[in-house]
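Shown next: upload07.txt, containing compact mmCIF, C-alpha atoms and all ligand atoms.
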# COMPACT_ATOMS: atom_id res chain seq x y z
CA MET R 1 8.93 -26.89 27.11
CA SER R 2 8.39 -24.77 24.01
CA GLU R 3 11.41 -24.00 21.86
CA TYR R 4 10.14 -20.41 21.64
CA MET R 5 10.10 -17.47 24.02
CA SER R 6 6.74 -17.08 25.74
CA THR R 7 4.38 -14.29 24.64
CA LYS R 8 4.87 -12.73 28.08
CA GLU R 9 8.65 -12.81 27.74
CA ILE R 10 8.51 -11.18 24.31
CA ALA R 11 6.14 -8.49 25.64
CA GLU R 12 8.58 -7.80 28.51
CA HIS R 13 11.52 -7.57 26.10
CA ARG R 14 9.57 -5.24 23.82
CA GLU R 15 8.73 -2.96 26.74
CA LYS R 16 12.27 -2.96 28.05
CA TYR R 17 14.31 -2.81 24.84
CA LEU R 18 12.15 -1.33 22.09
CA MET R 19 11.01 2.24 21.54
CA PRO R 20 7.39 2.64 22.60
CA ALA R 21 6.65 3.61 18.98
CA TYR R 22 6.12 -0.10 18.24
CA MET R 23 2.51 -1.17 18.47
CA SER R 24 1.00 -4.60 18.20
CA TYR R 25 -2.29 -5.95 17.01
CA TYR R 26 -4.55 -8.03 19.28
CA GLN R 27 -5.15 -8.17 23.05
CA GLU R 28 -3.02 -11.31 23.15
CA PRO R 29 -0.36 -10.48 20.55
CA LEU R 30 0.42 -13.11 17.95
CA HIS R 31 3.80 -14.81 18.09
CA LEU R 32 4.40 -15.94 14.54
CA VAL R 33 7.16 -18.38 13.77
CA ARG R 34 6.59 -19.57 10.20
CA GLY R 35 5.03 -18.53 6.92
CA GLU R 36 4.05 -20.67 3.95
CA MET R 37 2.29 -19.13 0.96
CA GLN R 38 -1.04 -17.67 2.23
CA TYR R 39 -0.64 -19.10 5.72
CA LEU R 40 1.14 -18.10 8.92
CA TYR R 41 1.81 -20.33 11.92
CA ASP R 42 2.11 -19.26 15.55
CA ASP R 43 4.34 -20.66 18.28
CA LYS R 44 1.65 -23.18 19.25
CA GLY R 45 1.38 -24.50 15.71
CA LYS R 46 -1.97 -22.84 14.96
CA ARG R 47 -2.43 -21.95 11.29
CA TYR R 48 -3.80 -18.58 10.21
CA LEU R 49 -4.98 -17.49 6.80
CA ASP R 50 -3.07 -14.26 6.24
CA ALA R 51 -5.68 -11.93 4.78
CA PHE R 52 -3.52 -8.85 5.42
CA ALA R 53 -0.27 -10.12 3.89
CA ALA R 54 1.89 -8.55 6.59
CA VAL R 55 0.48 -5.12 5.76
CA VAL R 56 0.15 -5.64 2.01
CA THR R 57 3.76 -6.72 1.71
CA ILE R 58 3.63 -10.42 0.98
CA SER R 59 2.55 -10.34 -2.65
CA VAL R 60 3.07 -13.77 -4.20
CA GLY R 61 3.09 -15.73 -0.90
CA HIS R 62 5.16 -16.30 2.23
CA CYS R 63 8.47 -18.03 1.39
CA HIS R 64 7.20 -18.71 -2.15
CA PRO R 65 8.99 -21.75 -3.69
CA ASP R 66 9.49 -19.88 -6.99
CA VAL R 67 11.37 -17.12 -5.18
CA VAL R 68 13.31 -18.65 -2.29
CA PRO R 69 15.86 -20.89 -4.10
CA GLY R 70 17.08 -18.15 -6.45
CA VAL R 71 17.49 -15.73 -3.56
CA GLN R 72 19.25 -18.35 -1.45
CA GLN R 73 21.67 -18.90 -4.30
CA GLN R 74 22.33 -15.17 -4.62
CA TYR R 75 22.71 -14.87 -0.85
CA ALA R 76 25.29 -17.63 -0.78
CA THR R 77 27.18 -16.23 -3.78
CA LEU R 78 27.31 -12.45 -3.36
CA GLN R 79 25.40 -10.76 -0.59
CA HIS R 80 26.46 -7.18 -0.97
CA ALA R 81 28.84 -5.16 -3.13
CA THR R 82 27.38 -1.60 -3.43
CA THR R 83 26.22 -0.07 -6.69
CA LEU R 84 29.66 1.50 -7.14
CA TYR R 85 30.63 -1.83 -8.71
CA HIS R 86 28.77 -3.42 -11.58
CA GLY R 87 26.55 -6.45 -11.03
CA GLU R 88 23.78 -8.22 -12.94
CA ALA R 89 21.03 -8.34 -10.32
CA LEU R 90 20.52 -4.57 -10.28
CA VAL R 91 20.27 -4.08 -14.05
CA LYS R 92 18.16 -7.19 -14.58
CA LEU R 93 15.54 -5.85 -12.16
CA ALA R 94 15.68 -2.36 -13.68
CA LYS R 95 15.14 -3.80 -17.19
CA LYS R 96 12.24 -5.96 -16.02
CA LEU R 97 10.64 -2.99 -14.29
CA SER R 98 10.86 -0.82 -17.38
CA GLU R 99 9.06 -3.61 -19.30
CA ILE R 100 6.10 -3.75 -16.91
CA ALA R 101 5.89 -0.09 -15.84
CA PRO R 102 3.21 2.05 -17.47
CA GLY R 103 3.86 4.54 -20.26
CA LYS R 104 7.30 6.00 -20.69
CA LEU R 105 8.59 5.10 -17.21
CA GLN R 106 11.99 3.59 -17.80
CA LYS R 107 14.71 4.60 -15.37
CA SER R 108 14.83 3.35 -11.80
CA PHE R 109 16.57 4.10 -8.54
CA PHE R 110 16.32 1.58 -5.72
CA THR R 111 15.88 2.24 -2.02
CA ASN R 112 15.25 0.14 1.09
CA SER R 113 11.69 1.26 1.76
CA GLY R 114 8.62 3.06 0.50
CA THR R 115 9.38 6.05 2.68
CA GLU R 116 12.73 6.60 0.99
CA ALA R 117 11.04 6.20 -2.38
CA THR R 118 8.62 9.01 -1.48
CA GLU R 119 11.51 11.21 -0.37
CA PHE R 120 13.44 10.63 -3.55
CA ALA R 121 10.38 11.11 -5.78
CA ALA R 122 9.97 14.55 -4.21
CA VAL R 123 13.65 15.32 -4.76
CA ILE R 124 13.44 14.27 -8.42
CA ALA R 125 10.35 16.42 -8.95
CA LYS R 126 12.08 19.40 -7.35
CA ASN R 127 15.27 18.97 -9.35
CA HIS R 128 13.40 18.50 -12.61
CA THR R 129 10.87 21.33 -12.25
CA LYS R 130 13.11 23.66 -10.22
CA ARG R 131 10.04 24.21 -8.03
CA HIS R 132 9.37 23.05 -4.50
CA GLU R 133 5.68 23.03 -3.66
CA PHE R 134 3.57 19.87 -3.65
CA LEU R 135 -0.04 18.87 -3.53
CA SER R 136 -1.13 15.73 -1.78
CA LEU R 137 -4.39 14.09 -0.77
CA ARG R 138 -6.13 13.99 2.59
CA HIS R 139 -6.33 10.46 4.03
CA SER R 140 -3.07 9.55 2.28
CA PHE R 141 0.00 7.87 3.73
CA HIS R 142 3.43 8.17 2.12
CA GLY R 143 5.94 7.31 4.86
CA ARG R 144 7.52 8.36 8.11
CA THR R 145 10.37 10.78 7.37
CA LEU R 146 9.83 14.51 7.56
CA MET R 147 8.92 15.06 3.89
CA SER R 148 6.89 11.87 3.51
CA MET R 149 5.11 12.55 6.80
CA THR R 150 4.29 16.06 5.59
CA LEU R 151 2.91 14.65 2.35
CA GLY R 152 0.72 12.25 4.34
CA GLY R 153 -2.82 13.38 4.91
CA GLN R 154 -3.71 11.87 8.29
CA SER R 155 -2.97 13.61 11.61
CA LEU R 156 -2.46 10.17 13.11
CA TRP R 157 0.85 9.88 11.25
CA ARG R 158 1.83 13.55 11.25
CA HIS R 159 3.47 14.07 14.61
CA SER R 160 6.79 15.62 13.69
CA VAL R 161 6.05 19.31 13.71
CA PRO R 162 7.15 21.61 12.19
CA TYR R 163 6.56 19.93 8.86
CA ALA R 164 8.55 20.29 5.67
CA PHE R 165 7.73 23.42 3.74
CA GLY R 166 5.25 23.73 0.90
CA VAL R 167 2.69 20.91 0.98
CA THR R 168 -1.02 21.53 0.48
CA HIS R 169 -3.60 18.78 0.95
CA ILE R 170 -6.69 18.55 -1.21
CA PRO R 171 -9.82 16.49 -0.43
CA ALA R 172 -9.68 12.81 -1.34
CA ALA R 173 -12.22 11.16 -3.62
CA TYR R 174 -13.95 9.51 -0.68
CA CYS R 175 -17.42 9.10 -2.16
CA TYR R 176 -18.90 7.23 0.82
CA ARG R 177 -18.22 10.31 2.94
CA CYS R 178 -17.86 12.98 0.28
CA PRO R 179 -15.83 15.81 1.83
CA LEU R 180 -17.72 18.27 -0.36
CA GLY R 181 -21.14 16.91 0.54
CA LEU R 182 -21.85 15.85 -3.04
CA ALA R 183 -22.84 12.57 -4.68
CA TYR R 184 -21.28 10.72 -7.60
CA PRO R 185 -21.83 11.07 -10.57
CA SER R 186 -23.83 14.32 -10.32
CA CYS R 187 -20.83 15.83 -8.44
CA ASP R 188 -18.95 16.11 -11.74
CA ILE R 189 -15.86 14.90 -9.78
CA ARG R 190 -15.61 18.25 -8.01
CA CYS R 191 -12.89 16.89 -5.70
CA ALA R 192 -10.51 16.39 -8.65
CA HIS R 193 -10.97 20.03 -9.63
CA GLU R 194 -9.74 21.02 -6.18
CA VAL R 195 -6.25 20.75 -7.72
CA GLU R 196 -7.01 23.97 -9.58
CA GLU R 197 -8.34 25.70 -6.46
CA ALA R 198 -5.38 24.61 -4.34
CA VAL R 199 -2.81 25.79 -6.89
CA LYS R 200 -4.60 29.10 -7.17
CA TYR R 201 -5.20 29.83 -3.50
CA SER R 202 -2.73 27.81 -1.43
CA THR R 203 0.52 27.82 -3.42
CA SER R 204 2.69 30.28 -5.30
CA GLY R 205 1.02 28.94 -8.43
CA LYS R 206 4.14 26.96 -9.28
CA ILE R 207 3.91 23.36 -8.12
CA ALA R 208 6.58 20.70 -8.46
CA GLY R 209 3.94 18.00 -8.44
CA LEU R 210 1.17 16.06 -6.78
CA ILE R 211 1.57 12.68 -5.12
CA ALA R 212 -1.30 10.22 -4.71
CA GLU R 213 -2.04 6.55 -4.13
CA PRO R 214 -4.28 5.07 -6.88
CA ILE R 215 -6.33 3.51 -4.05
CA GLN R 216 -5.58 4.86 -0.58
CA GLY R 217 -4.37 2.04 1.64
CA PHE R 218 -3.97 3.21 5.23
CA GLY R 219 -6.72 5.74 4.47
CA GLY R 220 -9.16 2.83 4.36
CA VAL R 221 -9.08 1.50 0.77
CA ILE R 222 -10.52 4.76 -0.53
CA THR R 223 -11.22 4.05 -4.19
CA PRO R 224 -11.82 7.04 -6.47
CA PRO R 225 -14.33 7.20 -9.33
CA LYS R 226 -12.80 6.06 -12.63
CA GLU R 227 -12.63 9.63 -14.03
CA TYR R 228 -10.79 11.07 -11.02
CA PHE R 229 -7.12 10.61 -11.83
CA LYS R 230 -7.43 11.68 -15.48
CA ILE R 231 -8.69 15.06 -14.31
CA VAL R 232 -6.12 15.32 -11.50
CA ALA R 233 -3.12 14.45 -13.71
CA GLU R 234 -4.26 16.83 -16.43
CA LEU R 235 -4.65 19.74 -14.00
CA VAL R 236 -1.30 19.06 -12.33
CA ARG R 237 0.44 19.09 -15.71
CA LYS R 238 -1.46 22.17 -16.81
CA HIS R 239 0.18 23.94 -13.87
CA GLY R 240 3.64 22.64 -14.73
CA GLY R 241 3.83 19.94 -12.05
CA LEU R 242 4.61 16.24 -12.24
CA PHE R 243 2.08 13.54 -11.48
CA ILE R 244 3.67 11.21 -8.92
CA VAL R 245 1.94 7.98 -8.14
CA ASP R 246 2.60 6.04 -4.93
CA GLU R 247 2.28 2.36 -5.86
CA VAL R 248 3.71 1.10 -2.58
CA GLN R 249 0.49 -0.76 -1.79
CA THR R 250 -1.23 -0.96 -5.18
CA GLY R 251 1.79 -2.04 -7.23
CA PHE R 252 2.88 -5.36 -8.67
CA GLY R 253 -0.56 -6.73 -9.46
CA ARG R 254 -2.37 -6.08 -6.19
CA THR R 255 -5.42 -4.49 -7.86
CA GLY R 256 -5.80 -7.34 -10.36
CA GLY R 257 -5.42 -7.68 -14.14
CA LYS R 258 -2.77 -4.96 -14.39
CA TRP R 259 0.68 -4.48 -12.91
CA PHE R 260 0.03 -1.11 -11.32
CA GLY R 261 -2.98 0.52 -9.71
CA ILE R 262 -2.78 3.68 -11.79
CA GLU R 263 -3.31 1.61 -14.94
CA GLN R 264 -6.82 0.85 -13.67
CA TRP R 265 -7.53 4.55 -14.18
CA GLY R 266 -5.86 4.81 -17.61
CA VAL R 267 -3.34 7.45 -16.56
CA GLU R 268 0.42 7.55 -17.14
CA PRO R 269 2.43 8.91 -14.22
CA ASP R 270 5.62 10.95 -14.50
CA ILE R 271 7.17 9.31 -11.44
CA MET R 272 6.13 6.13 -9.69
CA THR R 273 7.20 4.93 -6.24
CA MET R 274 7.13 1.30 -5.14
CA ALA R 275 8.02 -0.98 -2.20
CA LYS R 276 6.15 -3.55 -0.07
CA GLY R 277 4.81 -6.22 -2.50
CA MET R 278 7.70 -5.50 -4.84
CA GLY R 279 9.96 -7.53 -2.55
CA ASN R 280 7.45 -10.00 -1.07
CA GLY R 281 9.02 -9.47 2.33
CA ILE R 282 12.56 -8.34 1.58
CA PRO R 283 13.44 -4.68 2.24
CA ILE R 284 13.34 -2.94 -1.12
CA GLY R 285 11.71 0.15 -2.57
CA GLY R 286 12.28 2.29 -5.58
CA VAL R 287 11.36 5.06 -7.93
CA ILE R 288 10.91 4.83 -11.68
CA THR R 289 10.58 7.80 -13.99
CA THR R 290 10.94 8.77 -17.63
CA SER R 291 14.35 9.15 -19.29
CA GLU R 292 13.70 12.85 -19.67
CA ILE R 293 12.92 13.45 -16.00
CA ALA R 294 15.77 11.19 -14.89
CA GLU R 295 18.18 13.54 -16.70
CA ALA R 296 17.66 16.05 -13.87
CA HIS R 297 19.97 13.78 -11.88
CA ARG R 298 22.83 13.48 -14.31
CA GLY R 299 25.84 14.82 -12.45
CA LEU R 300 24.03 14.86 -9.10
CA ILE R 301 25.22 12.10 -6.82
CA HIS R 302 22.55 10.08 -5.06
CA PHE R 303 23.69 6.97 -3.30
CA SER R 304 22.11 4.38 -1.02
CA THR R 305 24.29 1.83 0.77
CA PHE R 306 21.77 -0.98 0.58
CA GLY R 307 19.49 0.33 -2.16
CA GLY R 308 19.93 -1.93 -5.20
CA ASN R 309 21.53 -4.69 -3.13
CA PRO R 310 22.02 -7.97 -5.08
CA VAL R 311 19.88 -10.05 -2.70
CA SER R 312 16.90 -7.70 -2.61
CA THR R 313 16.98 -6.93 -6.34
CA THR R 314 17.16 -10.65 -7.13
CA GLN R 315 14.14 -11.27 -4.92
CA ALA R 316 12.15 -8.41 -6.52
CA ARG R 317 12.90 -9.73 -10.04
CA LEU R 318 11.87 -13.24 -9.03
CA VAL R 319 8.64 -11.86 -7.60
CA ILE R 320 7.79 -10.26 -10.96
CA GLU R 321 8.71 -13.46 -12.81
CA THR R 322 6.56 -15.49 -10.41
CA VAL R 323 3.57 -13.22 -11.05
CA GLU R 324 4.09 -13.82 -14.79
CA LYS R 325 4.75 -17.53 -14.55
CA ARG R 326 1.81 -18.30 -12.28
CA GLY R 327 -0.64 -16.02 -14.12
CA TYR R 328 -1.30 -14.14 -10.89
CA LEU R 329 -2.57 -10.93 -12.54
CA GLU R 330 -5.62 -12.80 -13.88
CA HIS R 331 -5.91 -14.89 -10.71
CA ILE R 332 -5.98 -11.78 -8.49
CA GLU R 333 -8.76 -10.32 -10.63
CA LYS R 334 -10.77 -13.53 -10.43
CA MET R 335 -10.29 -14.04 -6.69
CA GLY R 336 -10.88 -10.34 -6.00
CA ASP R 337 -14.15 -10.31 -7.97
CA HIS R 338 -15.35 -13.40 -6.13
CA LEU R 339 -14.37 -12.04 -2.72
CA LYS R 340 -15.90 -8.63 -3.38
CA LYS R 341 -19.14 -10.14 -4.67
CA ARG R 342 -19.44 -12.28 -1.55
CA LEU R 343 -18.69 -9.30 0.73
CA VAL R 344 -21.31 -7.20 -1.05
CA GLU R 345 -23.77 -10.06 -0.50
CA LEU R 346 -22.85 -9.93 3.20
CA SER R 347 -23.76 -6.26 3.29
CA GLU R 348 -27.36 -7.23 2.50
CA LYS R 349 -27.40 -9.33 5.65
CA HIS R 350 -25.38 -7.13 8.02
CA ARG R 351 -26.44 -3.59 8.83
CA MET R 352 -22.97 -2.76 10.16
CA ILE R 353 -21.45 -2.88 6.68
CA GLY R 354 -21.47 0.67 5.38
CA GLU R 355 -19.55 0.05 2.18
CA VAL R 356 -17.48 -2.63 0.45
CA ARG R 357 -14.85 -1.13 -1.85
CA GLY R 358 -11.53 -1.71 -3.59
CA MET R 359 -10.25 -3.80 -6.45
CA GLY R 360 -8.52 -7.11 -6.94
CA LEU R 361 -7.01 -8.28 -3.66
CA MET R 362 -7.11 -4.81 -2.14
CA LEU R 363 -10.52 -4.69 -0.53
CA GLY R 364 -12.02 -2.71 2.32
CA VAL R 365 -15.18 -3.10 4.36
CA GLU R 366 -16.22 0.06 6.18
CA LEU R 367 -18.05 -0.71 9.41
CA VAL R 368 -20.61 1.72 10.81
CA ARG R 369 -22.86 1.72 13.87
CA ASP R 370 -25.76 3.07 11.90
CA ARG R 371 -26.13 3.18 8.13
CA LYS R 372 -27.98 6.50 8.24
CA THR R 373 -25.58 8.45 10.46
CA LYS R 374 -22.55 6.47 9.21
CA GLU R 375 -21.07 6.67 12.71
CA PRO R 376 -17.74 4.81 12.47
CA ALA R 377 -17.71 1.46 14.30
CA LYS R 378 -14.18 1.83 15.64
CA ASP R 379 -14.29 -0.41 18.72
CA GLU R 380 -16.32 -2.98 16.81
CA THR R 381 -13.63 -3.12 14.11
CA LEU R 382 -11.03 -3.92 16.75
CA ARG R 383 -13.34 -6.61 18.15
CA MET R 384 -13.86 -7.93 14.63
CA MET R 385 -10.12 -8.42 14.25
CA GLU R 386 -10.12 -10.53 17.42
CA LEU R 387 -13.13 -12.56 16.26
CA CYS R 388 -11.49 -13.27 12.90
CA LYS R 389 -8.25 -14.22 14.63
CA GLU R 390 -10.14 -16.71 16.80
CA ARG R 391 -11.41 -18.18 13.53
CA GLY R 392 -7.90 -18.43 12.10
CA VAL R 393 -8.10 -15.41 9.79
CA LEU R 394 -5.85 -12.34 10.09
CA ILE R 395 -7.32 -9.10 8.75
CA GLY R 396 -6.08 -5.52 8.93
CA LYS R 397 -7.73 -2.24 9.71
CA GLY R 398 -7.39 1.31 8.45
CA ALA R 399 -9.04 4.73 7.98
CA MET R 400 -8.83 7.84 10.14
CA ALA R 401 -11.48 6.41 12.45
CA GLY R 402 -9.98 2.91 12.37
CA ASN R 403 -13.29 1.45 11.17
CA VAL R 404 -12.33 -0.12 7.85
CA ILE R 405 -11.45 -3.80 7.65
CA ARG R 406 -8.60 -4.24 5.18
CA ILE R 407 -8.47 -7.49 3.22
CA LYS R 408 -5.29 -7.77 1.18
CA PRO R 409 -4.15 -11.40 1.09
CA PRO R 410 -1.23 -12.90 -0.86
CA TYR R 411 -1.89 -13.57 -4.55
CA CYS R 412 -1.85 -17.36 -4.09
CA LEU R 413 -5.21 -17.15 -2.29
CA THR R 414 -7.69 -19.85 -3.36
CA LYS R 415 -11.46 -19.63 -3.69
CA ASP R 416 -11.81 -21.68 -0.50
CA ASP R 417 -9.55 -19.22 1.31
CA ALA R 418 -11.66 -16.32 0.03
CA ASP R 419 -14.78 -18.06 1.32
CA ALA R 420 -13.09 -18.66 4.69
CA ILE R 421 -12.46 -14.91 5.01
CA VAL R 422 -16.12 -14.17 4.24
CA THR R 423 -17.30 -16.79 6.75
CA ALA R 424 -15.11 -15.34 9.51
CA ILE R 425 -16.42 -11.81 8.85
CA ASP R 426 -20.00 -13.08 8.61
CA GLU R 427 -19.74 -14.88 11.96
CA GLY R 428 -17.98 -11.91 13.55
CA LEU R 429 -20.65 -9.46 12.41
CA THR R 430 -23.41 -11.78 13.62
CA ILE R 431 -21.87 -11.68 17.11
CA LEU R 432 -21.30 -7.91 17.02
CA GLU R 433 -24.79 -7.15 15.79
CA LYS R 434 -26.41 -9.40 18.41
CA LYS R 435 -24.70 -7.41 21.16
CA LYS R 436 -26.35 -4.14 20.13
C1 LIG X 501 1.12 4.02 0.25
C2 LIG X 501 2.36 3.94 1.07
N1 LIG X 501 3.42 4.71 0.76
C3 LIG X 501 4.57 4.68 1.46
C4 LIG X 501 4.70 3.82 2.54
C5 LIG X 501 5.99 3.77 3.31
O1 LIG X 501 6.61 2.57 3.05
P1 LIG X 501 7.70 1.94 4.09
O2 LIG X 501 6.94 1.49 5.30
O3 LIG X 501 8.31 0.81 3.31
O4 LIG X 501 8.67 3.00 4.39
C6 LIG X 501 3.64 3.00 2.90
C7 LIG X 501 3.76 2.10 4.06
O5 LIG X 501 2.85 1.53 4.54
C8 LIG X 501 2.44 3.06 2.16
O6 LIG X 501 1.39 2.31 2.46
Translate this structure into C-alpha cells?
Ligand SMILES: Cc1ncc(COP(=O)(O)O)c(C=O)c1O
Amino acid sequence: MSEYMSTKEIAEHREKYLMPAYMSYYQEPLHLVRGEMQYLYDDKGKRYLDAFAAVVTISVGHCHPDVVPGVQQQYATLQHATTLYHGEALVKLAKKLSEIAPGKLQKSFFTNSGTEATEFAAVIAKNHTKRHEFLSLRHSFHGRTLMSMTLGGQSLWRHSVPYAFGVTHIPAAYCYRCPLGLAYPSCDIRCAHEVEEAVKYSTSGKIAGLIAEPIQGFGGVITPPKEYFKIVAELVRKHGGLFIVDEVQTGFGRTGGKWFGIEQWGVEPDIMTMAKGMGNGIPIGGVITTSEIAEAHRGLIHFSTFGGNPVSTTQARLVIETVEKRGYLEHIEKMGDHLKKRLVELSEKHRMIGEVRGMGLMLGVELVRDRKTKEPAKDETLRMMELCKERGVLIGKGAMAGNVIRIKPPYCLTKDDADAIVTAIDEGLTILEKKK
C-alpha cells in the first residue's frame, strides 16, 4: 500500500472541495511528493527534471541546502510578528534588494504575491503622479485581481468584467508575429512608438505610467528588440508617467548575467515589482521604487498582515545570497546560451519549430503547423508536454494560442540536464512530425 493518496482520490477531492478555477497539467495529473534542486519526484518515486521550475518560481533549486537551514532556524525562532514591530529579517532583505536593484531603486514594500505587487505599484504611481490612467502591453500578464487583471493583455485571463478604469493596451514587440505587419530592424521599432499614439488618442493625455514585463512570460517568452524599452521608457516619461517594470518572472537572475531583466535592455525603471523566484517557493512579492517616489506614501498607511513576514523575508535574502555565493548569474548565462544554441540547432531539423527565443534560463520554443502560415500548433504543444513528461522532463506552455513551450528551469541546472531537455523535445518533435 502506498503511503500517499491515489491520483484518483486526489482528483475526486479536487472536484468535490476545490473551486473549478483550479486546472491541472497532463491527462494523468502528476502527484508530486518531493523536490530536490532541479528535480521533482512523484508518488511512485519517478524522478523528473523540472524544466518549468513550478511556473518560474523555483529559482535557485527545490529545497536548496543553502536556503533551507537558515529558514528553518528563523521558523523555529520567530515565525510571525507583523511589521508594526521591528525585526531584522525585513530590513536585511530591503537593504540587500537596494544593493542589487537597478538605478536609483531603493525603497521596498513587501507583499505575499506578484498580483499584490502589481496592485501596489499602480497605487504608488497614482499617488505620486496624481493621475490614474495606465498603458500596458498586449500579451502581458500581471496578476488576478481587478486592477492587475485589467492591466493584463490576454483575454484568457481577463474574465472579471467590468474592468478597472483607465487602462489602454498597446501592441507588444512580438517580432515573430509583428502586430503591425512590419519586420525588424526596418520597422524602426514602430511598436514602441505606439506609446505616443496611445497617449494621444486613447487617454486624457495624462498617464500615471506604463507597466511591462522585460520578457513576456505567460505571453510566450515574447522578447523585444534591444532598442524597444529605451524608446518606451523615454516616451512614457515624456508624457509625465512612470515606467513600471514587472520582474515577477524575469527577476533575480532568470535572464542570466544580470539581476533583473530590464537591465538587459539598459533601462532604469521608476518602480519594479517582484515575486516568484524572489522566494524560491515561499510566498513573497514586493515593490521597490526610488526614495523620491516612495515619499508619495509618507503619511499614507499601507499595511499587509503577512507581507514582510520574518520567514519569507529570510528566505528571499538567502536566495539572493545563494545566487551570489554559487555564481549563478554567470552560470545561468552559460547554461542558457548552451540550451538556446542547441534548441536553435533543433529548429534546423524540425519544421514545427517556428522560433526559439528568450534569454538565460527563460526560453521559449514556438511550435507551428506550417512555417509559412505560422499556424499555431496548439494541440501538438499539449502532446509535446505529455511526451516530455514520459521522458522525465517537465516543461511549461504559454502564449495566447498555447503553442509556446516554456523552458525555465532552476538555476542549478547542469549541462547534462540542458541536453536532456533538448533530447526530450527532439524525440517529441520526431514523433509529432511523423504523425502529420
Ligand atoms: C509577470 C507576472 N506578473 C505578475 C504575476 C502574478 O503573480 P502571483 O501569481 O504571485 O500573484 C505573474 C504570475 O504568474 C506573472 O507571471
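Considering all atoms listed in the file, the residues that reside within 6 Å of ligand LIG 501 (chain X) can be listed as Ser113, Gly114, Thr115, Phe141, His142, Gly143, Glu213, Gly217, Asp246, Val248, Gln249, Ala275 and Lys276 of chain R.
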Checklist entry - At most 10 Å from (-14.2, -13.8, 1.6), file frame, all atoms listed in the file: which residues, as a list in words? => result Ala51, Met335, Gly336, His338, Leu339, Lys340, Lys341, Arg342, Leu343, Leu346, Ile407, Lys415, Asp416, Asp417, Ala418, Asp419, Ala420, Ile421, Val422, Thr423, Ala424, Ile425 and Asp426 of chain R
Can you pull out the residues contacting Lys95 of chain R? Cut-off 10 Å, using all atoms listed in the file, and skip same-chain residues under 5 positions away; I want them as a count of residues only. 6
Neighbour list for Thr255 of chain R as an mmCIF file with C-alpha atoms, keeping the file's coordinate frame, cut-off 10 Å, only C-alpha atoms, skip fewer than 5 positions in-chain:
data_model
loop_
_atom_site.group_PDB
_atom_site.id
_atom_site.type_symbol
_atom_site.label_atom_id
_atom_site.label_comp_id
_atom_site.auth_asym_id
_atom_site.auth_seq_id
_atom_site.Cartn_x
_atom_site.Cartn_y
_atom_site.Cartn_z
ATOM 1 C CA PRO R 214 -4.280 5.070 -6.880
ATOM 2 C CA ILE R 215 -6.330 3.510 -4.050
ATOM 3 C CA GLN R 249 0.490 -0.760 -1.790
ATOM 4 C CA THR R 250 -1.230 -0.960 -5.180
ATOM 5 C CA PHE R 260 0.030 -1.110 -11.320
ATOM 6 C CA GLY R 261 -2.980 0.520 -9.710
ATOM 7 C CA ILE R 262 -2.780 3.680 -11.790
ATOM 8 C CA GLU R 263 -3.310 1.610 -14.940
ATOM 9 C CA GLN R 264 -6.820 0.850 -13.670
ATOM 10 C CA LEU R 329 -2.570 -10.930 -12.540
ATOM 11 C CA ILE R 332 -5.980 -11.780 -8.490
ATOM 12 C CA GLU R 333 -8.760 -10.320 -10.630
ATOM 13 C CA GLY R 336 -10.880 -10.340 -6.000
ATOM 14 C CA GLY R 358 -11.530 -1.710 -3.590
ATOM 15 C CA MET R 359 -10.250 -3.800 -6.450
ATOM 16 C CA GLY R 360 -8.520 -7.110 -6.940
ATOM 17 C CA LEU R 361 -7.010 -8.280 -3.660
ATOM 18 C CA MET R 362 -7.110 -4.810 -2.140
ATOM 19 C CA LEU R 363 -10.520 -4.690 -0.530
ATOM 20 C CA LYS R 408 -5.290 -7.770 1.180
#
message: Give me, as a ChimeraX atom specification, all polymer residues having an atom no more than 12 Å from Pro283 of chain R, counting all atoms listed in the file and skipping those fewer than 6 positions away in the same chain.
response: /R:57-58,110-116,274-277,306-316
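The nearest approach to Tyr75 of chain R among the residues R:Pro29, R:Ala89, R:Thr118, R:Gly253, with only C-alpha atoms taken into account, belongs to R:Ala89.
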